[in-house]
$ cat data29.cif   # mmCIF, C-alpha atoms
data_final
#
loop_
_atom_site.label_atom_id
_atom_site.label_comp_id
_atom_site.auth_asym_id
_atom_site.auth_seq_id
_atom_site.Cartn_x
_atom_site.Cartn_y
_atom_site.Cartn_z
CA MET A 34 259.82 31.35 -8.46
CA LEU A 35 256.50 32.75 -9.58
CA ASP A 36 253.33 31.73 -7.84
CA LEU A 37 251.45 30.19 -10.73
CA PRO A 38 247.99 28.67 -10.66
CA THR A 39 248.02 24.90 -10.33
CA GLY A 40 246.93 22.50 -13.04
CA LYS A 41 243.38 21.24 -13.56
CA GLU A 42 241.88 18.94 -11.02
CA GLY A 43 241.64 15.29 -12.04
CA ALA A 44 238.70 12.97 -11.41
CA SER A 45 240.12 11.99 -8.03
CA GLY A 46 240.77 15.59 -6.97
CA ARG A 47 244.52 15.44 -7.55
CA ARG A 48 246.30 17.90 -9.79
CA MET A 49 247.10 16.61 -13.23
CA ALA A 50 250.86 16.10 -13.52
CA LEU A 51 251.20 17.53 -17.03
CA GLY A 52 249.44 20.80 -16.22
CA SER A 53 251.43 21.22 -13.04
CA SER A 54 254.74 20.48 -14.72
CA ILE A 55 253.96 22.94 -17.51
CA ASN A 56 253.22 25.61 -14.92
CA HIS A 57 256.59 24.90 -13.32
CA PHE A 58 258.25 25.00 -16.75
CA CYS A 59 256.63 28.37 -17.52
CA ALA A 60 257.79 29.68 -14.16
CA PHE A 61 261.30 28.39 -14.83
CA VAL A 62 261.34 30.08 -18.25
CA TYR A 63 260.03 33.33 -16.81
CA ASP A 64 262.37 33.37 -13.84
CA GLY A 65 265.35 31.93 -15.69
CA VAL A 66 265.21 33.86 -18.96
CA LEU A 67 263.24 37.02 -18.47
CA SER A 68 265.08 37.98 -15.30
CA ARG A 69 268.34 36.07 -15.53
CA PRO A 70 271.06 37.09 -13.06
CA ILE A 71 274.17 38.58 -14.68
CA LYS A 72 277.39 39.96 -13.25
CA LYS A 73 278.40 43.54 -13.88
CA ASN A 74 281.33 45.16 -12.10
CA GLY A 75 281.59 42.16 -9.78
CA MET A 76 277.99 42.58 -8.60
CA LYS A 77 275.25 40.14 -9.44
CA ARG A 78 272.08 41.70 -10.84
CA LYS A 79 269.09 40.48 -12.80
CA MET A 80 268.96 41.00 -16.56
CA GLN A 81 265.47 42.13 -17.48
CA LEU A 82 264.63 41.55 -21.12
CA ASP A 83 261.92 44.17 -21.08
CA LYS A 84 264.21 46.87 -19.68
CA GLU A 85 267.65 46.21 -21.25
CA PRO A 86 268.67 48.04 -24.45
CA ILE A 87 267.91 46.01 -27.55
CA ARG A 88 271.44 46.32 -28.98
CA SER A 89 273.08 44.74 -25.93
CA LEU A 90 270.43 42.01 -25.76
CA PHE A 91 270.94 41.25 -29.44
CA PHE A 92 274.65 40.62 -29.01
CA LYS A 93 274.17 38.63 -25.79
CA TYR A 94 271.99 36.14 -27.68
CA TYR A 95 273.74 36.40 -31.05
CA ILE A 96 276.88 34.47 -30.07
CA PRO A 97 275.04 31.33 -28.84
CA ALA A 98 272.77 31.34 -31.91
CA LEU A 99 275.74 31.76 -34.25
CA THR A 100 277.63 28.99 -32.46
CA SER A 101 274.66 26.67 -32.89
CA LEU A 102 274.38 27.38 -36.62
CA LEU A 103 278.12 26.98 -37.14
CA SER A 104 278.15 23.65 -35.33
CA VAL A 105 275.41 22.31 -37.61
CA THR A 106 277.27 23.52 -40.70
CA ILE A 107 280.56 22.04 -39.53
CA HIS A 108 278.77 18.74 -38.84
CA GLN A 109 277.44 18.66 -42.41
CA VAL A 110 280.86 19.41 -43.90
CA ILE A 111 282.56 16.72 -41.81
CA ASP A 112 279.76 14.25 -42.60
CA GLY A 113 280.23 14.90 -46.32
CA ALA A 114 284.00 14.53 -46.11
CA ILE A 115 283.79 11.22 -44.23
CA LEU A 116 281.20 9.86 -46.63
CA ALA A 117 283.28 10.94 -49.61
CA GLN A 118 286.31 9.08 -48.21
CA TYR A 119 284.62 5.87 -47.10
CA VAL A 120 281.39 5.52 -49.10
CA GLY A 121 282.19 7.37 -52.29
CA LYS A 122 280.31 9.65 -54.60
CA GLU A 123 276.99 7.85 -54.05
CA GLY A 124 277.10 8.69 -50.34
CA VAL A 125 277.71 12.37 -50.98
CA ALA A 126 275.00 12.43 -53.65
CA ALA A 127 272.58 10.76 -51.21
CA ILE A 128 273.14 13.60 -48.74
CA GLY A 129 272.51 16.07 -51.55
CA MET A 130 269.24 14.34 -52.45
CA PHE A 131 268.10 14.29 -48.83
CA GLY A 132 268.91 17.98 -48.30
CA PRO A 133 265.74 19.52 -49.81
CA ILE A 134 263.50 17.05 -47.99
CA ILE A 135 265.04 17.70 -44.59
CA THR A 136 264.89 21.47 -45.26
CA ILE A 137 261.11 21.18 -45.62
CA PHE A 138 260.88 19.44 -42.25
CA ILE A 139 263.18 21.99 -40.62
CA ALA A 140 261.03 24.82 -42.01
CA PHE A 141 257.91 23.20 -40.54
CA GLY A 142 259.62 22.75 -37.18
CA LEU A 143 260.91 26.32 -37.13
CA THR A 144 257.45 27.74 -37.77
CA LEU A 145 256.15 25.80 -34.77
CA VAL A 146 259.06 26.78 -32.53
CA ILE A 147 259.20 30.44 -33.51
CA GLY A 148 255.44 30.96 -33.59
CA GLY A 149 254.93 29.09 -30.34
CA GLY A 150 257.78 30.98 -28.70
CA ILE A 151 256.31 34.32 -29.71
CA LEU A 152 252.85 33.38 -28.44
CA ILE A 153 254.27 32.01 -25.19
CA GLY A 154 256.38 35.15 -24.74
CA LYS A 155 253.37 37.39 -25.29
CA SER A 156 251.31 35.35 -22.86
CA LEU A 157 254.03 35.40 -20.20
CA GLY A 158 254.44 39.14 -20.68
CA ALA A 159 250.70 39.60 -20.18
CA LYS A 160 250.92 37.26 -17.15
CA ASP A 161 248.42 34.92 -18.83
CA TYR A 162 250.07 31.69 -17.75
CA SER A 163 247.17 29.46 -18.73
CA LYS A 164 247.42 30.72 -22.34
CA ALA A 165 251.20 30.10 -22.30
CA GLN A 166 250.56 26.60 -21.00
CA GLU A 167 247.93 26.01 -23.69
CA VAL A 168 250.26 27.13 -26.49
CA PHE A 169 253.12 25.03 -25.11
CA GLN A 170 250.90 21.95 -24.90
CA PHE A 171 249.55 22.49 -28.41
CA THR A 172 252.94 22.95 -30.07
CA SER A 173 254.46 20.04 -28.15
CA THR A 174 251.56 17.76 -29.03
CA LEU A 175 251.58 18.81 -32.68
CA THR A 176 255.33 18.19 -32.90
CA LEU A 177 255.05 14.73 -31.33
CA VAL A 178 252.10 13.76 -33.54
CA PHE A 179 253.87 14.98 -36.67
CA GLY A 180 257.00 13.02 -35.73
CA ALA A 181 254.97 9.88 -35.08
CA VAL A 182 253.17 10.22 -38.43
CA VAL A 183 256.49 10.61 -40.25
CA ASN A 184 257.87 7.55 -38.44
CA VAL A 185 254.82 5.42 -39.29
CA LEU A 186 254.60 6.52 -42.94
CA THR A 187 258.32 6.36 -43.74
CA PRO A 188 258.46 2.68 -44.74
CA PHE A 189 255.48 3.12 -47.06
CA VAL A 190 256.36 6.36 -48.89
CA ILE A 191 260.16 6.51 -48.85
CA SER A 192 260.59 4.47 -52.04
CA ASP A 193 258.33 6.82 -54.01
CA ILE A 194 260.09 9.92 -52.69
CA VAL A 195 263.53 8.53 -53.50
CA SER A 196 262.51 7.40 -56.99
CA PHE A 197 261.09 10.89 -57.64
CA LEU A 198 264.38 12.51 -56.58
CA VAL A 199 266.85 9.99 -58.03
CA GLY A 200 265.11 8.27 -60.91
CA ALA A 201 266.11 4.70 -61.70
CA LYS A 202 265.45 2.19 -58.93
CA GLU A 203 268.30 -0.09 -59.94
CA SER A 204 271.11 2.39 -59.36
CA ALA A 205 273.59 2.55 -56.50
CA LEU A 206 272.50 6.15 -55.92
CA PHE A 207 268.93 4.97 -55.32
CA ASP A 208 270.09 2.47 -52.71
CA ALA A 209 272.35 4.97 -50.95
CA THR A 210 269.66 7.69 -50.93
CA TYR A 211 267.01 5.22 -49.77
CA ASP A 212 269.15 4.09 -46.84
CA TYR A 213 270.15 7.63 -45.85
CA MET A 214 266.55 8.92 -46.01
CA TYR A 215 265.10 5.90 -44.26
CA TRP A 216 267.37 6.21 -41.25
CA GLY A 217 267.16 10.00 -41.37
CA PHE A 218 263.40 9.82 -40.92
CA MET A 219 263.48 7.10 -38.31
#

$ encode --input "data29.cif" --output "structure tokens"
Amino acid sequence: MLDLPTGKEGASGRRMALGSSINHFCAFVYDGVLSRPIKKNGMKRKMQLDKEPIRSLFFKYYIPALTSLLSVTIHQVIDGAILAQYVGKEGVAAIGMFGPIITIFIAFGLTLVIGGGILIGKSLGAKDYSKAQEVFQFTSTLTLVFGAVVNVLTPFVISDIVSFLVGAKESALFDATYDYMYWGFM
């Protein structure tokens, strides 16, 4: 483990739990990812991301990323097939209407995750653990606040969003899309 500076002192002189746990998380990420032990020729050695060839690193991380994307795609296909069998065409259309909205939220989340990950990686590489902790806290807080705002506003704005996407409020498609979006946001 790395010897990281402790968190800020609280009013009573004790370390703040969040700062301390973030320091431990940063140390775990640094020790666990940047110098992860791997086996080669039966010997255990540490994989150093800053010293390994980029081509081999790319393929070591490509398979897990591809597996993750394929599992999401397979989930969507199976979800569509089950809805088509048991709910009908309105259920499949509701998923289609919800797709662009959820893509916007995924894009927002990815910008936070990718940008925060890059900044944290740069900070860890520069051994500026307080900056890495600050970025982690900011992105985590922003994500939680954004999720809470979406949860609170969903009952008030979902009807307008669905009527914009679907049209008539008296249709079965409106009801199916409303239900799917409502529970998707909650």

$ resolve_selection --input "data29.cif" --expression "the PyMOL selection byres ((chain A and resi 202-207) around 12)" --output "ChimeraX atom specification"
/A:120-131,191-201,208-215

$ atom_distance --input "data29.cif" --atom1 "CA of Thr136 (chain A)" --atom2 "CA of Trp216 (chain A)"
16.0 Å

$ atom_distance --input "data29.cif" --atom1 "CA of Val110 (chain A)" --atom2 "CA of Val190 (chain A)"
28.2 Å

$ closest_residue --input "data29.cif" --among "A:Phe218, A:Phe92, A:Tyr162, A:Phe169" --to "Val183 (chain A)" --atoms "all atoms listed in the file"
A:Phe218

$ closest_residue --input "data29.cif" --among "A:Val182, A:Asp83, A:His108, A:Leu116" --to "Gly154 (chain A)" --atoms "all atoms listed in the file"
A:Asp83

$ atom_distance --input "data29.cif" --atom1 "CA of Pro188 (chain A)" --atom2 "CA of Gly217 (chain A)"
11.9 Å

$ decode --input "data29.cif" --residues "region 67-187 of chain A" --atoms "C-alpha atoms" --output "short mmCIF file (atom, residue, chain, number, x, y, z; two decimals), in the first residue's frame"
data_model
loop_
_atom_site.label_atom_id
_atom_site.label_comp_id
_atom_site.auth_asym_id
_atom_site.auth_seq_id
_atom_site.Cartn_x
_atom_site.Cartn_y
_atom_site.Cartn_z
CA LEU A 67 -1.15 0.61 -11.93
CA SER A 68 1.05 -2.18 -10.62
CA ARG A 69 -1.18 -5.24 -10.78
CA PRO A 70 0.56 -8.60 -10.31
CA ILE A 71 0.45 -10.86 -13.37
CA LYS A 72 1.85 -14.31 -14.06
CA LYS A 73 4.34 -14.85 -16.85
CA ASN A 74 6.17 -18.14 -17.31
CA GLY A 75 4.87 -19.35 -13.95
CA MET A 76 6.42 -16.38 -12.13
CA LYS A 77 4.37 -13.64 -10.55
CA ARG A 78 5.42 -10.11 -11.48
CA LYS A 79 3.82 -6.69 -11.36
CA MET A 80 2.28 -5.22 -14.49
CA GLN A 81 3.27 -1.57 -14.71
CA LEU A 82 0.99 0.47 -16.92
CA ASP A 83 3.61 3.12 -17.48
CA LYS A 84 6.24 0.62 -18.63
CA GLU A 85 4.31 -2.08 -20.56
CA PRO A 86 3.97 -1.82 -24.37
CA ILE A 87 0.75 -0.11 -25.39
CA ARG A 88 -0.30 -2.89 -27.78
CA SER A 89 -0.25 -5.58 -25.09
CA LEU A 90 -2.01 -3.30 -22.60
CA PHE A 91 -4.69 -2.51 -25.17
CA PHE A 92 -5.56 -6.16 -25.68
CA LYS A 93 -5.43 -6.94 -21.95
CA TYR A 94 -8.17 -4.37 -21.33
CA TYR A 95 -10.02 -4.80 -24.63
CA ILE A 96 -11.60 -8.17 -23.81
CA PRO A 97 -13.26 -7.04 -20.54
CA ALA A 98 -14.53 -3.84 -22.18
CA LEU A 99 -15.90 -5.77 -25.16
CA THR A 100 -17.55 -8.31 -22.86
CA SER A 101 -19.23 -5.49 -20.96
CA LEU A 102 -20.59 -3.88 -24.13
CA LEU A 103 -21.78 -7.21 -25.50
CA SER A 104 -23.59 -8.05 -22.27
CA VAL A 105 -25.49 -4.74 -22.41
CA THR A 106 -26.43 -5.34 -26.05
CA ILE A 107 -27.55 -8.90 -25.38
CA HIS A 108 -29.65 -7.63 -22.45
CA GLN A 109 -31.40 -5.13 -24.73
CA VAL A 110 -32.11 -7.76 -27.39
CA ILE A 111 -33.50 -10.22 -24.83
CA ASP A 112 -35.54 -7.45 -23.18
CA GLY A 113 -37.05 -6.54 -26.56
CA ALA A 114 -37.84 -10.17 -27.39
CA ILE A 115 -39.55 -10.79 -24.05
CA LEU A 116 -41.56 -7.59 -24.31
CA ALA A 117 -42.58 -8.44 -27.87
CA GLN A 118 -43.85 -11.85 -26.73
CA TYR A 119 -45.67 -10.82 -23.56
CA VAL A 120 -46.51 -7.11 -23.87
CA GLY A 121 -46.80 -6.65 -27.61
CA LYS A 122 -45.84 -3.96 -30.05
CA GLU A 123 -46.52 -1.14 -27.57
CA GLY A 124 -43.86 -2.51 -25.21
CA VAL A 125 -41.24 -2.67 -27.94
CA ALA A 126 -42.20 0.80 -29.16
CA ALA A 127 -41.90 2.13 -25.58
CA ILE A 128 -38.31 0.87 -25.43
CA GLY A 129 -37.65 2.57 -28.76
CA MET A 130 -39.05 5.86 -27.45
CA PHE A 131 -36.99 5.65 -24.27
CA GLY A 132 -33.76 4.89 -26.17
CA PRO A 133 -32.80 8.45 -27.17
CA ILE A 134 -33.53 9.78 -23.68
CA ILE A 135 -31.42 7.18 -21.93
CA THR A 136 -28.62 7.74 -24.48
CA ILE A 137 -28.45 11.39 -23.38
CA PHE A 138 -28.07 10.33 -19.75
CA ILE A 139 -25.45 7.73 -20.65
CA ALA A 140 -23.49 10.37 -22.59
CA PHE A 141 -23.57 12.68 -19.57
CA GLY A 142 -22.42 9.88 -17.28
CA LEU A 143 -19.63 8.84 -19.63
CA THR A 144 -18.24 12.36 -19.80
CA LEU A 145 -18.05 12.43 -16.01
CA VAL A 146 -16.51 8.96 -15.75
CA ILE A 147 -14.00 9.36 -18.58
CA GLY A 148 -13.02 12.93 -17.73
CA GLY A 149 -12.77 12.17 -14.03
CA GLY A 150 -10.77 9.02 -14.72
CA ILE A 151 -8.30 10.92 -16.88
CA LEU A 152 -7.86 13.65 -14.28
CA ILE A 153 -7.49 11.11 -11.48
CA GLY A 154 -4.96 9.14 -13.53
CA LYS A 155 -2.93 12.26 -14.24
CA SER A 156 -3.01 13.22 -10.58
CA LEU A 157 -1.98 9.75 -9.43
CA GLY A 158 0.81 9.72 -12.00
CA ALA A 159 2.05 13.05 -10.67
CA LYS A 160 1.69 11.67 -7.12
CA ASP A 161 -0.77 14.48 -6.32
CA TYR A 162 -3.14 12.40 -4.23
CA SER A 163 -5.05 15.35 -2.83
CA LYS A 164 -5.97 16.45 -6.37
CA ALA A 165 -7.06 12.88 -7.21
CA GLN A 166 -9.17 12.84 -4.07
CA GLU A 167 -10.69 16.22 -4.97
CA VAL A 168 -11.61 15.08 -8.50
CA PHE A 169 -13.08 11.82 -7.18
CA GLN A 170 -15.17 13.66 -4.61
CA PHE A 171 -16.38 16.20 -7.18
CA THR A 172 -17.41 13.63 -9.79
CA SER A 173 -19.05 11.39 -7.19
CA THR A 174 -20.96 14.30 -5.67
CA LEU A 175 -22.04 15.61 -9.07
CA THR A 176 -23.26 12.16 -10.10
CA LEU A 177 -25.26 11.70 -6.88
CA VAL A 178 -26.78 15.19 -7.10
CA PHE A 179 -27.71 14.70 -10.75
CA GLY A 180 -29.33 11.34 -9.95
CA ALA A 181 -31.27 12.86 -7.07
CA VAL A 182 -32.49 15.73 -9.26
CA VAL A 183 -33.66 13.29 -11.93
CA ASN A 184 -35.46 11.22 -9.28
CA VAL A 185 -37.20 14.26 -7.79
CA LEU A 186 -38.20 15.80 -11.14
CA THR A 187 -39.34 12.60 -12.85
#
